[in-house]
Amino acid sequence: MNPRPARASRPSARTVVLPAVVAAAALALAACSATAPGAVDAEGASPASAGFPVTLDNCGFETEVATPPERVVTIKSSTTEMLLALGLGDRIVGSAFLDGPLPDSLESVPAVDEPFADEAPGSEATLELEPDLVYAGWESNLTAETAGDRETLAKLGVATYVSPAACKEDGYMPDPLTFDTVFAEIEEVGSLFDADDAAAALVEEQRAALDAIEPDDRGLTALWWSSGDDTPYVGAGIGAPQMIMEAAGLTNVAADVHDTWTSLGWENVVEADPDVIVLVDAAWNPADAKIEALEANPATREMSAVKDERYVVLPFPATEAGVRNVDAVASVVDQLADLDR
(Lines give C-alpha, C1' and ligand atoms only; values in the text may rest on other atoms or scores of the structure.)
Protein backbone atom coordinates (compact mmCIF):
# COMPACT_ATOMS: atom_id res chain seq x y z
CA MET A 1 0.00 0.00 0.00
CA ASN A 2 1.01 3.62 -0.40
CA PRO A 3 0.58 4.64 3.20
CA ARG A 4 -0.75 7.75 4.69
CA PRO A 5 0.70 8.20 8.19
CA ALA A 6 -0.50 6.22 11.20
CA ARG A 7 -3.91 7.86 10.89
CA ALA A 8 -4.92 4.96 8.65
CA SER A 9 -4.67 2.34 11.36
CA ARG A 10 -5.26 4.37 14.50
CA PRO A 11 -8.37 3.05 16.25
CA SER A 12 -11.16 5.58 16.48
CA ALA A 13 -13.72 5.97 19.22
CA ARG A 14 -16.21 4.20 16.94
CA THR A 15 -14.36 0.94 16.45
CA VAL A 16 -16.04 -0.99 19.27
CA VAL A 17 -19.25 -2.61 18.07
CA LEU A 18 -21.82 -2.81 20.82
CA PRO A 19 -23.99 -5.95 20.82
CA ALA A 20 -27.11 -3.87 20.34
CA VAL A 21 -25.63 -2.19 17.30
CA VAL A 22 -24.61 -5.53 15.80
CA ALA A 23 -28.03 -7.01 16.43
CA ALA A 24 -29.80 -4.02 14.95
CA ALA A 25 -27.56 -4.06 11.93
CA ALA A 26 -28.10 -7.78 11.44
CA LEU A 27 -31.89 -7.39 11.63
CA ALA A 28 -31.83 -4.50 9.16
CA LEU A 29 -29.63 -6.39 6.76
CA ALA A 30 -31.80 -9.47 7.03
CA ALA A 31 -34.85 -7.36 6.25
CA CYS A 32 -33.15 -5.93 3.19
CA SER A 33 -32.09 -9.35 1.95
CA ALA A 34 -35.59 -10.69 2.46
CA THR A 35 -37.07 -8.18 0.06
CA ALA A 36 -34.53 -7.17 -2.57
CA PRO A 37 -33.62 -10.64 -3.89
CA GLY A 38 -37.29 -11.57 -3.98
CA ALA A 39 -38.23 -8.93 -6.50
CA VAL A 40 -39.65 -10.57 -9.64
CA ASP A 41 -40.88 -9.48 -13.02
CA ALA A 42 -44.29 -10.22 -14.55
CA GLU A 43 -43.19 -13.74 -15.50
CA GLY A 44 -41.89 -14.56 -12.04
CA ALA A 45 -38.20 -14.28 -12.97
CA SER A 46 -35.52 -12.28 -11.19
CA PRO A 47 -33.61 -10.66 -14.05
CA ALA A 48 -31.33 -8.65 -11.75
CA SER A 49 -29.95 -11.85 -10.22
CA ALA A 50 -29.16 -13.63 -13.49
CA GLY A 51 -25.65 -15.03 -13.20
CA PHE A 52 -25.70 -14.67 -9.44
CA PRO A 53 -24.56 -15.52 -6.85
CA VAL A 54 -21.02 -14.46 -7.72
CA THR A 55 -18.22 -15.94 -5.62
CA LEU A 56 -14.65 -14.65 -5.75
CA ASP A 57 -11.38 -15.59 -4.08
CA ASN A 58 -10.37 -12.12 -2.93
CA CYS A 59 -7.01 -11.83 -1.15
CA GLY A 60 -7.54 -15.37 0.11
CA PHE A 61 -11.04 -14.63 1.45
CA GLU A 62 -14.19 -15.95 -0.20
CA THR A 63 -16.42 -13.06 -1.22
CA GLU A 64 -19.94 -13.95 -2.27
CA VAL A 65 -22.74 -11.67 -3.39
CA ALA A 66 -26.18 -13.19 -3.92
CA THR A 67 -27.40 -10.23 -5.99
CA PRO A 68 -25.75 -7.07 -7.29
CA PRO A 69 -24.95 -4.90 -4.25
CA GLU A 70 -27.22 -1.92 -3.79
CA ARG A 71 -25.78 -0.36 -0.62
CA VAL A 72 -22.01 0.00 -0.73
CA VAL A 73 -19.52 1.57 1.64
CA THR A 74 -16.29 2.57 -0.09
CA ILE A 75 -13.05 3.09 1.80
CA LYS A 76 -10.21 4.97 0.06
CA SER A 77 -10.35 7.12 -3.06
CA SER A 78 -9.40 4.26 -5.36
CA THR A 79 -12.55 2.26 -4.57
CA THR A 80 -14.84 5.27 -4.59
CA GLU A 81 -13.52 6.41 -7.96
CA MET A 82 -13.85 2.89 -9.36
CA LEU A 83 -17.60 2.84 -8.74
CA LEU A 84 -18.05 6.38 -10.02
CA ALA A 85 -16.15 5.53 -13.21
CA LEU A 86 -18.43 2.52 -13.74
CA GLY A 87 -21.55 4.64 -13.31
CA LEU A 88 -22.36 2.98 -9.98
CA GLY A 89 -22.16 6.04 -7.77
CA ASP A 90 -25.82 5.72 -6.82
CA ARG A 91 -24.94 2.50 -4.98
CA ILE A 92 -22.59 4.31 -2.57
CA VAL A 93 -24.29 4.94 0.78
CA GLY A 94 -21.10 6.07 2.49
CA SER A 95 -17.53 6.87 1.55
CA ALA A 96 -14.59 7.21 3.89
CA PHE A 97 -10.85 7.85 4.08
CA LEU A 98 -10.70 9.78 0.81
CA ASP A 99 -7.19 10.81 -0.19
CA GLY A 100 -7.97 13.92 -2.19
CA PRO A 101 -10.49 15.62 -4.48
CA LEU A 102 -12.10 13.79 -7.36
CA PRO A 103 -10.85 14.46 -10.87
CA ASP A 104 -13.08 16.66 -13.01
CA SER A 105 -13.86 13.67 -15.23
CA LEU A 106 -15.87 11.91 -12.51
CA GLU A 107 -19.35 12.98 -11.46
CA SER A 108 -19.75 12.90 -7.70
CA VAL A 109 -22.65 11.84 -5.48
CA PRO A 110 -23.76 13.16 -2.05
CA ALA A 111 -22.21 10.25 -0.14
CA VAL A 112 -18.83 11.12 -1.65
CA ASP A 113 -19.21 14.88 -1.24
CA GLU A 114 -19.71 14.34 2.49
CA PRO A 115 -17.64 11.34 3.63
CA PHE A 116 -18.81 9.75 6.87
CA ALA A 117 -15.21 9.34 8.10
CA ASP A 118 -12.03 11.20 7.28
CA GLU A 119 -9.90 8.23 8.29
CA ALA A 120 -10.42 4.47 8.27
CA PRO A 121 -13.99 4.16 9.64
CA GLY A 122 -14.98 2.23 12.71
CA SER A 123 -17.26 -0.79 12.53
CA GLU A 124 -20.16 0.88 14.32
CA ALA A 125 -20.22 3.80 11.89
CA THR A 126 -19.92 1.40 8.97
CA LEU A 127 -22.75 -0.88 10.09
CA GLU A 128 -25.05 2.07 10.77
CA LEU A 129 -25.14 2.61 7.01
CA GLU A 130 -26.56 -0.91 6.52
CA PRO A 131 -24.26 -1.85 3.65
CA ASP A 132 -24.50 -5.10 1.75
CA LEU A 133 -20.90 -4.65 0.56
CA VAL A 134 -17.82 -2.88 1.91
CA TYR A 135 -15.29 -2.16 -0.85
CA ALA A 136 -11.89 -1.38 0.67
CA GLY A 137 -8.70 -0.07 -0.86
CA TRP A 138 -6.44 -1.74 1.71
CA GLU A 139 -6.72 -4.97 3.68
CA SER A 140 -6.05 -2.91 6.83
CA ASN A 141 -9.39 -1.16 6.26
CA LEU A 142 -11.13 -4.42 7.21
CA THR A 143 -10.00 -5.32 10.72
CA ALA A 144 -11.57 -5.39 14.17
CA GLU A 145 -10.00 -1.97 14.76
CA THR A 146 -11.40 -0.44 11.56
CA ALA A 147 -14.55 -1.22 9.56
CA GLY A 148 -14.76 -4.77 10.91
CA ASP A 149 -12.99 -8.03 10.18
CA ARG A 150 -14.18 -9.84 7.09
CA GLU A 151 -15.49 -12.98 8.80
CA THR A 152 -17.59 -11.01 11.29
CA LEU A 153 -19.03 -8.82 8.56
CA ALA A 154 -19.86 -11.89 6.48
CA LYS A 155 -21.80 -13.38 9.41
CA LEU A 156 -23.81 -10.15 9.50
CA GLY A 157 -24.62 -10.47 5.81
CA VAL A 158 -22.13 -7.84 4.68
CA ALA A 159 -19.86 -8.91 1.82
CA THR A 160 -16.37 -7.45 1.56
CA TYR A 161 -14.05 -6.82 -1.36
CA VAL A 162 -10.48 -5.52 -1.23
CA SER A 163 -8.69 -4.04 -4.20
CA PRO A 164 -6.63 -7.03 -5.46
CA ALA A 165 -3.63 -4.75 -6.02
CA ALA A 166 -3.47 -4.31 -2.23
CA CYS A 167 -3.41 -8.03 -1.39
CA LYS A 168 -0.33 -8.97 0.63
CA GLU A 169 -0.61 -12.75 1.04
CA ASP A 170 1.72 -14.96 -0.95
CA GLY A 171 0.07 -15.92 -4.20
CA TYR A 172 -2.24 -12.91 -4.11
CA MET A 173 0.05 -9.88 -4.07
CA PRO A 174 0.67 -8.79 -7.68
CA ASP A 175 4.33 -9.38 -8.45
CA PRO A 176 4.70 -7.04 -10.21
CA LEU A 177 1.59 -4.92 -10.49
CA THR A 178 0.70 -4.39 -14.14
CA PHE A 179 -2.00 -2.53 -16.01
CA ASP A 180 -3.53 -5.92 -16.79
CA THR A 181 -4.00 -6.35 -13.03
CA VAL A 182 -5.68 -2.95 -12.79
CA PHE A 183 -7.95 -3.69 -15.74
CA ALA A 184 -8.80 -7.12 -14.28
CA GLU A 185 -10.07 -5.40 -11.12
CA ILE A 186 -12.33 -3.19 -13.21
CA GLU A 187 -13.77 -6.29 -14.86
CA GLU A 188 -14.10 -8.13 -11.54
CA VAL A 189 -15.94 -5.23 -9.93
CA GLY A 190 -18.17 -5.15 -12.98
CA SER A 191 -19.03 -8.82 -12.41
CA LEU A 192 -19.93 -8.13 -8.77
CA PHE A 193 -22.37 -5.40 -9.77
CA ASP A 194 -23.80 -6.95 -12.94
CA ALA A 195 -22.07 -4.11 -14.80
CA ASP A 196 -19.96 -6.18 -17.17
CA ASP A 197 -20.73 -4.00 -20.19
CA ALA A 198 -19.73 -0.81 -18.38
CA ALA A 199 -16.54 -2.48 -17.15
CA ALA A 200 -15.63 -3.74 -20.61
CA ALA A 201 -16.18 -0.28 -22.08
CA LEU A 202 -14.04 1.34 -19.39
CA VAL A 203 -11.21 -1.15 -19.90
CA GLU A 204 -11.34 -0.64 -23.66
CA GLU A 205 -11.20 3.13 -23.21
CA GLN A 206 -8.28 2.91 -20.78
CA ARG A 207 -6.32 0.44 -22.92
CA ALA A 208 -6.70 2.76 -25.90
CA ALA A 209 -5.57 5.76 -23.85
CA LEU A 210 -2.56 3.84 -22.53
CA ASP A 211 -1.59 2.64 -26.00
CA ALA A 212 -1.75 6.22 -27.28
CA ILE A 213 0.85 7.47 -24.78
CA GLU A 214 4.35 7.87 -26.17
CA PRO A 215 6.82 7.24 -23.32
CA ASP A 216 9.73 9.58 -22.79
CA ASP A 217 12.69 8.05 -24.64
CA ARG A 218 15.64 9.83 -23.00
CA GLY A 219 16.45 7.08 -20.50
CA LEU A 220 15.87 9.34 -17.50
CA THR A 221 16.25 7.96 -13.98
CA ALA A 222 13.74 8.89 -11.31
CA LEU A 223 13.02 8.73 -7.60
CA TRP A 224 9.37 8.39 -6.52
CA TRP A 225 8.99 10.19 -3.18
CA SER A 226 5.66 9.29 -1.66
CA SER A 227 5.91 10.38 1.98
CA GLY A 228 8.23 10.60 4.97
CA ASP A 229 10.65 13.28 6.12
CA ASP A 230 13.58 11.91 8.10
CA THR A 231 13.54 8.86 5.87
CA PRO A 232 11.72 9.08 2.54
CA TYR A 233 9.18 6.41 1.66
CA VAL A 234 9.64 5.76 -2.03
CA GLY A 235 8.21 3.72 -4.85
CA ALA A 236 9.96 0.35 -5.12
CA GLY A 237 10.09 -2.29 -7.84
CA ILE A 238 6.73 -4.10 -8.01
CA GLY A 239 3.94 -1.65 -7.18
CA ALA A 240 2.00 1.21 -8.75
CA PRO A 241 4.95 3.66 -8.79
CA GLN A 242 7.08 1.22 -10.80
CA MET A 243 4.18 0.49 -13.15
CA ILE A 244 3.52 4.18 -13.80
CA MET A 245 7.17 5.20 -14.15
CA GLU A 246 7.97 2.32 -16.48
CA ALA A 247 5.01 3.13 -18.72
CA ALA A 248 6.15 6.77 -18.81
CA GLY A 249 9.70 5.81 -19.84
CA LEU A 250 11.43 6.46 -16.51
CA THR A 251 13.95 4.16 -14.82
CA ASN A 252 13.20 3.80 -11.12
CA VAL A 253 16.34 4.13 -8.95
CA ALA A 254 14.69 1.82 -6.38
CA ALA A 255 13.53 -0.77 -8.91
CA ASP A 256 15.75 -3.47 -7.41
CA VAL A 257 13.83 -3.40 -4.11
CA HIS A 258 11.31 -6.24 -4.30
CA ASP A 259 8.36 -4.45 -2.73
CA THR A 260 5.66 -1.95 -3.58
CA TRP A 261 7.04 0.92 -1.50
CA THR A 262 10.12 1.07 0.70
CA SER A 263 12.11 3.31 3.04
CA LEU A 264 15.27 4.64 1.42
CA GLY A 265 17.88 6.61 3.34
CA TRP A 266 18.79 10.05 2.10
CA GLU A 267 22.38 8.98 1.61
CA ASN A 268 21.15 6.38 -0.89
CA VAL A 269 18.99 8.96 -2.64
CA VAL A 270 21.89 11.39 -2.95
CA GLU A 271 24.15 8.64 -4.26
CA ALA A 272 21.56 7.61 -6.87
CA ASP A 273 21.27 11.26 -8.00
CA PRO A 274 18.15 10.72 -10.14
CA ASP A 275 17.47 12.89 -13.17
CA VAL A 276 13.88 13.46 -12.05
CA ILE A 277 12.03 13.34 -8.74
CA VAL A 278 8.36 12.31 -8.80
CA LEU A 279 6.59 13.95 -5.86
CA VAL A 280 3.29 12.64 -4.51
CA ASP A 281 1.10 15.56 -3.51
CA ALA A 282 -1.00 14.82 -0.43
CA ALA A 283 -2.76 17.06 2.06
CA TRP A 284 -0.67 15.61 4.91
CA ASN A 285 2.60 15.72 2.95
CA PRO A 286 2.28 18.22 0.06
CA ALA A 287 4.67 18.39 -2.87
CA ASP A 288 5.60 21.99 -2.06
CA ALA A 289 6.81 20.94 1.39
CA LYS A 290 8.88 18.17 -0.16
CA ILE A 291 10.51 20.64 -2.56
CA GLU A 292 11.31 23.01 0.30
CA ALA A 293 12.93 20.17 2.24
CA LEU A 294 15.00 19.07 -0.76
CA GLU A 295 16.23 22.58 -1.44
CA ALA A 296 17.00 23.33 2.22
CA ASN A 297 19.06 20.20 2.90
CA PRO A 298 22.77 20.78 2.13
CA ALA A 299 23.11 17.27 0.69
CA THR A 300 19.95 16.95 -1.38
CA ARG A 301 20.10 20.47 -2.80
CA GLU A 302 23.21 19.44 -4.72
CA MET A 303 21.35 16.65 -6.50
CA SER A 304 20.92 17.16 -10.24
CA ALA A 305 17.10 17.03 -10.14
CA VAL A 306 16.96 19.58 -7.32
CA LYS A 307 19.44 22.03 -8.85
CA ASP A 308 17.59 21.88 -12.18
CA GLU A 309 14.12 21.80 -10.54
CA ARG A 310 13.23 18.65 -12.44
CA TYR A 311 10.11 17.74 -10.47
CA VAL A 312 7.03 15.80 -11.54
CA VAL A 313 3.98 16.07 -9.28
CA LEU A 314 1.10 13.60 -9.01
CA PRO A 315 -1.95 13.72 -6.70
CA PHE A 316 -2.05 10.94 -4.12
CA PRO A 317 -5.29 9.31 -5.39
CA ALA A 318 -3.71 8.77 -8.82
CA THR A 319 -0.75 6.91 -7.34
CA GLU A 320 -2.57 3.85 -6.01
CA ALA A 321 -3.85 1.13 -8.32
CA GLY A 322 -7.09 2.26 -9.89
CA VAL A 323 -8.88 4.05 -12.67
CA ARG A 324 -6.57 7.09 -12.55
CA ASN A 325 -3.30 5.28 -13.29
CA VAL A 326 -3.45 5.72 -17.06
CA ASP A 327 -4.02 9.44 -16.60
CA ALA A 328 -1.07 9.46 -14.18
CA VAL A 329 1.19 8.04 -16.88
CA ALA A 330 0.01 10.66 -19.37
CA SER A 331 0.57 13.41 -16.79
CA VAL A 332 4.13 12.23 -16.08
CA VAL A 333 4.97 12.20 -19.79
CA ASP A 334 3.48 15.67 -20.28
CA GLN A 335 5.36 17.08 -17.29
CA LEU A 336 8.64 15.55 -18.47
CA ALA A 337 8.18 17.27 -21.82
CA ASP A 338 7.45 20.57 -20.07
CA LEU A 339 10.72 20.37 -18.08
CA ASP A 340 12.69 21.16 -21.23
CA ARG A 341 10.57 24.07 -22.40
# chains A, B, ... in the order shown; residues from 1 in each chain; ligands from 1
$ select_by_dssp --residues "stretch 62-196 of chain A" --states "strand (DSSP E or B)" --output "list in words"
Glu62, Thr63, Glu64, Val65, Val72, Val73, Thr74, Ile75, Ile92, Val93, Gly94, Ser95, Ala96, Ala117, Leu133, Val134, Tyr135, Ala136, Ala159, Thr160, Tyr161 and Val162 of chain A
$ closest_atom_pairs --of "stretch 204-275 of chain A" --to "stretch 300-314 of chain A" --cutoff "9 Å" --atoms "only C-alpha atoms" --output "CSV"
residue,atom,partner,partner_atom,distance
A:Ala222,CA,A:Ala305,CA,8.9
A:Trp266,CA,A:Thr300,CA,7.8
A:Glu267,CA,A:Thr300,CA,8.9
A:Val269,CA,A:Thr300,CA,8.1
A:Val270,CA,A:Thr300,CA,6.1
A:Glu271,CA,A:Met303,CA,8.8
A:Asp273,CA,A:Met303,CA,5.6
A:Pro274,CA,A:Ala305,CA,6.4
A:Asp275,CA,A:Ala305,CA,5.1
$ closest_residue --among "A:Glu185, A:Pro176, A:Ala283, A:Asp196" --to "A:Ala236" --atoms "only C-alpha atoms"
A:Pro176
$ residues_around --residues "stretch 58-74 of chain A" --least-positions-apart "3" --cutoff "9 Å" --atoms "only C-alpha atoms" --output "number ranges by chain"
A: 36-37, 48-55, 77-80, 83, 90-97, 126, 129-137, 139, 150-151, 154, 158-164, 166-169, 171-173, 191-195
$ residues_around --residues "A:Asp217" --least-positions-apart "6" --cutoff "9 Å" --atoms "only C-alpha atoms" --output "short mmCIF file (atom, residue, chain, number, x, y, z; two decimals) with N, CA and C atoms, in the first residue's frame"
data_model
loop_
_atom_site.label_atom_id
_atom_site.label_comp_id
_atom_site.auth_asym_id
_atom_site.auth_seq_id
_atom_site.Cartn_x
_atom_site.Cartn_y
_atom_site.Cartn_z
N ALA A 248 5.82 5.40 -18.39
CA ALA A 248 6.15 6.77 -18.81
C ALA A 248 7.57 6.88 -19.37
N GLY A 249 8.35 5.80 -19.30
CA GLY A 249 9.70 5.81 -19.84
C GLY A 249 10.78 6.15 -18.84
N LEU A 250 10.45 6.15 -17.54
CA LEU A 250 11.43 6.46 -16.51
C LEU A 250 12.03 5.19 -15.92
#
$ select_by_dssp --residues "stretch 213-303 of chain A" --states "alpha helix (DSSP H)" --output "list of chain:residue names"
A:Ala240, A:Pro241, A:Gln242, A:Met243, A:Ile244, A:Met245, A:Glu246, A:Ala247, A:Ala248, A:Trp266, A:Glu267, A:Asn268, A:Val269, A:Val270, A:Glu271, A:Ala272, A:Ala287, A:Asp288, A:Ala289, A:Lys290, A:Ile291, A:Glu292, A:Ala293, A:Leu294, A:Glu295, A:Ala296
$ residues_around --residues "A:Phe179" --least-positions-apart "3" --cutoff "8 Å" --atoms "only C-alpha atoms" --output "ChimeraX atom specification"
/A:182-183,243
$ write_last_selection --atoms "C-alpha atoms" --output "JSON list (two decimals), in the first residue's frame"
[["chain", "number", "residue", "atom", "x", "y", "z"],
["A", 182, "VAL", "CA", -5.68, -2.95, -12.79],
["A", 183, "PHE", "CA", -7.95, -3.69, -15.74],
["A", 243, "MET", "CA", 4.18, 0.49, -13.15]]
